Structures are given as C-alpha cells and as structure tokens.
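**Student:** Got a structure here, written out as structure tokens. Questions coming.
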Amino acid sequence: MPHDGLFKLFLMDVDIAKEFLQIYLSHDVQQQFDFDTLKLAPGAFVEDDLSQHYCDIVYSIRLRKKQSSAYILLEHESAVGKLTPFKLWRYQSALMKQHLNQGDTLLPVVLPIIFYRGAGPYRGPLSLLECFRDKVLAQEIFAITKPIQLISLSTIPDDILTTHKRCAALELAQKHIYSLDLKQLAPKIFELFDRYPLAIEKRKGLLYYLAKEGYGMDQQFVQFMLNVAPHYREDIMSAAQYLIEEGRQKGLQEGWQDAMLETAKNMLAGGIAFDFIKQVTKLSDDTITALRPENETCRRC
C-alpha cells in the first residue's frame, strides 16, 4: 500500500479526521468550526481547459457563528516541493469556484494543511508569497503572506505521536517506515492497536503498508510478529499473503516457494492450523504434510 493510500484509508474516516484536526488545529481555529458537521467533500476538480486535478482529502464544515460553509484541504506530501503553496492555492481556488457553482454568491474559507512525512525537515515554501520571483511587488499587490499550516512528522517526538489516539499508529508508521527495522517498529504498532482500537480494514491496511514499504519483511519476520502479537494473527497473515502475491507478480515465485516452505514449517512447529497454513502459503496438502516434524524425522532415518 503506498504512503498516500494508507493516509487516505485513515483520514477519510470522519471520526478519525476529527481526532486528527483537534490535535493539530489551534484552539482559536477550532472554536470557529462546528466539528459535528464535518464531512468528506469531493477532492477532484476539472478546470476550464478540461485538465483534472486531485487534492488528497477535502472536508466541508460549518462555521459556528455565521453558520456558513468552510472547507479544510489536507494534502499528503513525502517530498518538499518548490511551488507547493501555489499547488494548494489552485486547489483552494477550484474549491471556491465549485462552491459558487452550487449557488452561493460569496467565497468560502478554505483552510489548507500539509501533512509531511519526509525523513528530513521541511525546507520548502509555506506561503504563496515565497513562490514569487518578485516578492516585494507581490506582497504589495496580494494579501498572501500567511503560511500554510505544516504537520512535519520528523519533528514531532514519538512520545507525543503515541498520544494521538487512532492517528498514532499511522503517524508512527509513516515517520519510521524507512528508519527502523520492522522488528523494532511492529511491536510499537501492535501496542497502539491495543491502546487505540482500529477497524479491521485499517489494521490490515497499515500492516500491508509495513509489508510493502518496510525493511526486513520476510518469512522469519512473519513468525516474529505472530509470536509478538498472536491475537492479531488474521491481520498478520493477510499482510503476509499480500506480500506473497506481490512477489509472484514480480516474477519471484521460485524464491517465494522456498520462503513459503520455510514459513509453513515454522507455522506447523508453532501449532497453527493446517487449513490456515494452506490458505496463506498456497502449498498443496502433500507438500505441507511432508513438512511435519515427524515426516522430516522419517526422511532422515
């Protein structure tokens, strides 16, 4: 699962989005919004030249005092862009135009937020003014000095991230996916699963992400996870099966056959049910039966 796919899996859940926004928005800004009205809005826009643009996630929300509509634009970034504020301004403008097309006569507020999961600090521009070559003239003409709110995972301590309720596992995984071996990262993720329960599709999605993007995912690691978190066995084996299928699609079936023989042997030794092993490894009955410890002993006699 790609980085932005996992991000959308979590943040398109409006209940989790409320937790996320209430963590990161300032108290003063939060007081302007009625979070009971938060809902997803379309994030695709077609411009006059028929070119289509997609922003990651858009929420609509009502303002408390004036009971008018506003929008929150959440953009996931893994690299620093030179013109990111301009890209977001185009999305903001498209949202405003879409809102006018629905019958309003005045522009809505559109609050942009950048969620940055890059390893290093974010050193790109955060205001539209910084995107202009002639900043002095641009500042004189436009009111464009306010920076976009930045959420930079690399600068947030882990002990803070782990308090972020159902967003905690997502944020910790995306912060450390390339910096920690999975044997260090996975136990922390399972601990967060226990502390802040997630729906099964989000648990599986996050484990798929670890399987696809992480360092150290192999048959030994599958057994390691089963030992660490046996109560998440179904989720773990679904992630392992996903990785197996990926390997087959990339022409690595022969290598994965050896890996699955070893995995099946370890699972048999761990007392895992025969049918479950067959479902996950796709090995034949005869092949799995031959891997039983007693059969191994007979072959050596």
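In the structure tokens, each chain is lettered A, B, ... as it comes, each chain's residues begin at 1, and ligands are numbered from 1 in order of appearance.
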Can you list, as a ChimeraX atom specification, every residue of stretch 63-291 of chain A that DSSP puts in helix (DSSP H, G or I)?
**Tutor:** /A:84-101,128-131,135-141,153-155,158-161,165-176,182-195,200-213,219-228,230-249,253-269,274-281,285-290
**Student:** Write out as a list in words all residues of stretch 105-235 of chain A that DSSP puts in strand (DSSP E) for this structure's backbone.
**Tutor:**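 Answer for stretch 105-235 of chain A, restricted to strand (DSSP E): Val109, Val110, Leu111, Pro112, Ile113, Ile114, Phe115, Tyr116, Gln149, Leu150, Ile151 and Ser152 of chain A.
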**Student:** A:His3: which residues within 9 Å, counting only C-alpha atoms, same-chain residues fewer than 5 positions away excluded, as number ranges by chain?
**Tutor:** A: 8, 76, 78, 117, 174, 209, 213
**Student:** Just want the 12 Å neighbourhood of A:Met96, counted on only C-alpha atoms, with same-chain residues fewer than 6 positions away dropped. Output as a PyMOL selection string.
**Tutor:** chain A and resi 45+60+69-73+89-90+102-111
**Student:** Could you pull the residues within 12 Å of A:Gly271, counting only C-alpha atoms, minus those fewer than 6 positions along the same chain, as a PyMOL selection string?
**Tutor:** chain A and resi 223+226-227+230+264-265+277+292-293
**Student:** Would you save the residues from that selection as a PDB file, in the first residue's frame, using N, CA, C and O atoms?
**Tutor:**
```
ATOM      1  N   GLN A 223       6.800 -14.880  11.342  1.00  0.00           N
ATOM      2  CA  GLN A 223       6.754 -15.688  12.558  1.00  0.00           C
ATOM      3  C   GLN A 223       7.027 -14.830  13.793  1.00  0.00           C
ATOM      4  O   GLN A 223       6.408 -15.020  14.852  1.00  0.00           O
ATOM      5  N   LEU A 226       3.858 -13.070  14.685  1.00  0.00           N
ATOM      6  CA  LEU A 226       2.896 -13.993  15.282  1.00  0.00           C
ATOM      7  C   LEU A 226       3.232 -14.255  16.749  1.00  0.00           C
ATOM      8  O   LEU A 226       2.345 -14.397  17.583  1.00  0.00           O
ATOM      9  N   ASN A 227       4.530 -14.297  17.058  1.00  0.00           N
ATOM     10  CA  ASN A 227       4.944 -14.509  18.440  1.00  0.00           C
ATOM     11  C   ASN A 227       4.672 -13.270  19.301  1.00  0.00           C
ATOM     12  O   ASN A 227       4.277 -13.386  20.460  1.00  0.00           O
ATOM     13  N   PRO A 230       0.031 -12.612  18.889  1.00  0.00           N
ATOM     14  CA  PRO A 230      -0.773 -13.734  18.374  1.00  0.00           C
ATOM     15  C   PRO A 230      -2.251 -13.397  18.223  1.00  0.00           C
ATOM     16  O   PRO A 230      -2.939 -14.003  17.404  1.00  0.00           O
ATOM     17  N   ALA A 264       5.742 -22.312   6.223  1.00  0.00           N
ATOM     18  CA  ALA A 264       4.826 -23.399   6.584  1.00  0.00           C
ATOM     19  C   ALA A 264       5.439 -24.284   7.672  1.00  0.00           C
ATOM     20  O   ALA A 264       4.762 -24.702   8.622  1.00  0.00           O
ATOM     21  N   LYS A 265       6.741 -24.541   7.542  1.00  0.00           N
ATOM     22  CA  LYS A 265       7.424 -25.374   8.543  1.00  0.00           C
ATOM     23  C   LYS A 265       7.370 -24.696   9.918  1.00  0.00           C
ATOM     24  O   LYS A 265       7.090 -25.343  10.929  1.00  0.00           O
ATOM     25  N   ILE A 277      -2.643 -22.642   7.277  1.00  0.00           N
ATOM     26  CA  ILE A 277      -1.336 -22.652   6.611  1.00  0.00           C
ATOM     27  C   ILE A 277      -1.521 -22.816   5.102  1.00  0.00           C
ATOM     28  O   ILE A 277      -0.879 -22.122   4.294  1.00  0.00           O
ATOM     29  N   ARG A 292       5.778 -31.734   8.146  1.00  0.00           N
ATOM     30  CA  ARG A 292       5.541 -32.001   9.567  1.00  0.00           C
ATOM     31  C   ARG A 292       6.813 -32.549  10.207  1.00  0.00           C
ATOM     32  O   ARG A 292       7.544 -33.322   9.574  1.00  0.00           O
ATOM     33  N   PRO A 293       7.087 -32.166  11.439  1.00  0.00           N
ATOM     34  CA  PRO A 293       8.329 -32.619  12.094  1.00  0.00           C
ATOM     35  C   PRO A 293       8.526 -34.128  12.068  1.00  0.00           C
ATOM     36  O   PRO A 293       9.649 -34.606  11.846  1.00  0.00           O
TER      37      PRO A 293
END
```
**Student:** Which neighbours of A:His176 fall inside 10 Å, counting only C-alpha atoms, when residues of the same chain fewer than 2 positions from it are skipped, and could you give them as an mmCIF file with N, CA, C and O atoms, in the first residue's frame?
**Tutor:**
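Final output, saved to out-v3.cif:
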```cif
data_model
loop_
_atom_site.group_PDB
_atom_site.id
_atom_site.type_symbol
_atom_site.label_atom_id
_atom_site.label_comp_id
_atom_site.auth_asym_id
_atom_site.auth_seq_id
_atom_site.Cartn_x
_atom_site.Cartn_y
_atom_site.Cartn_z
ATOM 1 N N ARG A 117 5.544 13.691 5.597
ATOM 2 C CA ARG A 117 6.112 12.510 6.227
ATOM 3 C C ARG A 117 7.559 12.261 5.790
ATOM 4 O O ARG A 117 8.109 11.191 6.013
ATOM 5 N N GLY A 118 8.200 13.257 5.163
ATOM 6 C CA GLY A 118 9.585 13.095 4.740
ATOM 7 C C GLY A 118 10.523 12.923 5.921
ATOM 8 O O GLY A 118 10.248 13.367 7.033
ATOM 9 N N ALA A 119 11.669 12.297 5.673
ATOM 10 C CA ALA A 119 12.608 11.988 6.751
ATOM 11 C C ALA A 119 13.267 13.239 7.316
ATOM 12 O O ALA A 119 13.494 13.350 8.509
ATOM 13 N N LEU A 153 6.128 15.230 10.467
ATOM 14 C CA LEU A 153 6.268 14.107 11.382
ATOM 15 C C LEU A 153 7.667 13.981 11.962
ATOM 16 O O LEU A 153 7.837 13.610 13.125
ATOM 17 N N SER A 154 8.688 14.280 11.155
ATOM 18 C CA SER A 154 10.066 14.079 11.621
ATOM 19 C C SER A 154 10.422 14.967 12.799
ATOM 20 O O SER A 154 11.373 14.684 13.526
ATOM 21 N N ASP A 158 8.292 10.899 19.311
ATOM 22 C CA ASP A 158 7.447 9.700 19.317
ATOM 23 C C ASP A 158 6.494 9.676 20.498
ATOM 24 O O ASP A 158 5.357 9.206 20.382
ATOM 25 N N GLU A 171 0.760 7.644 12.086
ATOM 26 C CA GLU A 171 1.836 8.633 12.123
ATOM 27 C C GLU A 171 3.170 7.982 12.475
ATOM 28 O O GLU A 171 4.202 8.295 11.854
ATOM 29 N N LEU A 172 3.180 7.069 13.440
ATOM 30 C CA LEU A 172 4.423 6.404 13.821
ATOM 31 C C LEU A 172 4.953 5.545 12.670
ATOM 32 O O LEU A 172 6.160 5.537 12.397
ATOM 33 N N ALA A 173 4.062 4.850 11.966
ATOM 34 C CA ALA A 173 4.482 4.016 10.837
ATOM 35 C C ALA A 173 5.071 4.875 9.727
ATOM 36 O O ALA A 173 6.123 4.554 9.168
ATOM 37 N N GLN A 174 4.410 5.979 9.405
ATOM 38 C CA GLN A 174 4.903 6.793 8.297
ATOM 39 C C GLN A 174 6.171 7.563 8.675
ATOM 40 O O GLN A 174 6.986 7.866 7.818
ATOM 41 N N TYR A 178 11.177 3.891 6.989
ATOM 42 C CA TYR A 178 12.483 3.660 6.388
ATOM 43 C C TYR A 178 13.637 3.778 7.382
ATOM 44 O O TYR A 178 14.777 3.496 7.032
ATOM 45 N N SER A 179 13.358 4.210 8.600
ATOM 46 C CA SER A 179 14.444 4.431 9.553
ATOM 47 C C SER A 179 14.573 3.338 10.602
ATOM 48 O O SER A 179 15.617 3.217 11.238
ATOM 49 N N LEU A 180 13.539 2.540 10.784
ATOM 50 C CA LEU A 180 13.588 1.465 11.772
ATOM 51 C C LEU A 180 13.380 0.110 11.110
ATOM 52 O O LEU A 180 12.582 -0.017 10.179
ATOM 53 N N ASP A 181 14.108 -0.899 11.583
ATOM 54 C CA ASP A 181 13.817 -2.268 11.188
ATOM 55 C C ASP A 181 12.421 -2.618 11.689
ATOM 56 O O ASP A 181 11.996 -2.177 12.757
ATOM 57 N N LEU A 182 11.718 -3.426 10.934
ATOM 58 C CA LEU A 182 10.343 -3.763 11.303
ATOM 59 C C LEU A 182 10.252 -4.473 12.654
ATOM 60 O O LEU A 182 9.225 -4.390 13.319
ATOM 61 N N GLN A 184 11.708 -3.580 15.232
ATOM 62 C CA GLN A 184 11.614 -2.503 16.213
ATOM 63 C C GLN A 184 10.288 -1.760 16.100
ATOM 64 O O GLN A 184 9.708 -1.351 17.102
ATOM 65 N N LEU A 185 9.818 -1.595 14.869
ATOM 66 C CA LEU A 185 8.622 -0.785 14.637
ATOM 67 C C LEU A 185 7.330 -1.546 14.917
ATOM 68 O O LEU A 185 6.403 -1.010 15.537
ATOM 69 N N GLY A 214 8.300 -1.497 4.220
ATOM 70 C CA GLY A 214 9.246 -1.607 5.315
ATOM 71 C C GLY A 214 10.468 -2.437 4.990
ATOM 72 O O GLY A 214 10.537 -3.158 3.979
#
```
**Student:** In Å, rounded to a single decimal, give me how far atom CA of A:Leu291 is from atom CA of A:Val222.
**Tutor:**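 That distance, rounded to one decimal, is 17.9 Å.
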**Student:** For A:Ala169, which of A:Lys183, A:Leu198, A:Tyr91, A:Val80 is the closest residue, counting only C-alpha atoms?
**Tutor:**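 Comparing A:Lys183, A:Leu198, A:Tyr91, A:Val80 against A:Ala169, the winner is A:Leu198.
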**Student:** Excluding same-chain residues fewer than 4 positions from A:Val58, what lies within 9 Å of it counting only C-alpha atoms, as a PyMOL selection string?
**Tutor:** chain A and resi 12+39-43+71-75
**Student:** Restricting the calculation to only C-alpha atoms, which member of A:Thr263, A:Thr84, A:Gln139, A:Ser238 is positioned closest to A:Glu201?
**Tutor:**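 Between A:Thr263, A:Thr84, A:Gln139, A:Ser238, the residue approaching A:Glu201 most closely is A:Ser238.
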**Student:** Taking only C-alpha atoms into account, name the residue in A:Phe224, A:Phe10, A:Phe274, A:Tyr24 that is nearest to A:Arg203.
**Tutor:** A:Phe10
**Student:** Between atom CA of A:Leu83 and atom CA of A:Phe33, what is the spacing in Å?
**Tutor:**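 If I compute the distance from atom CA of A:Phe33 to atom CA of A:Leu83, I get 28.6 Å.
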**Student:** Would you please work out which residue, of A:Leu9, A:Asp159, A:Ala269, A:Phe20, is nearest to A:Ile200 when using only C-alpha atoms?
**Tutor:**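 The answer is A:Leu9, which sits nearest to A:Ile200.
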**Student:** For A:Gln92, which residue out of A:Pro112, A:Glu191, A:Ser127, A:Ala79 is the nearest one, using only C-alpha atoms?
**Tutor:**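 Ranked by minimum distance to A:Gln92, first place goes to A:Pro112.
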**Student:** Here is a test: counting only C-alpha atoms, which residue of A:Leu6, A:Leu100, A:Leu283, A:Cys167 is nearest to A:Asp56?
**Tutor:**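 Of all the options, A:Leu6 lies closest to A:Asp56.
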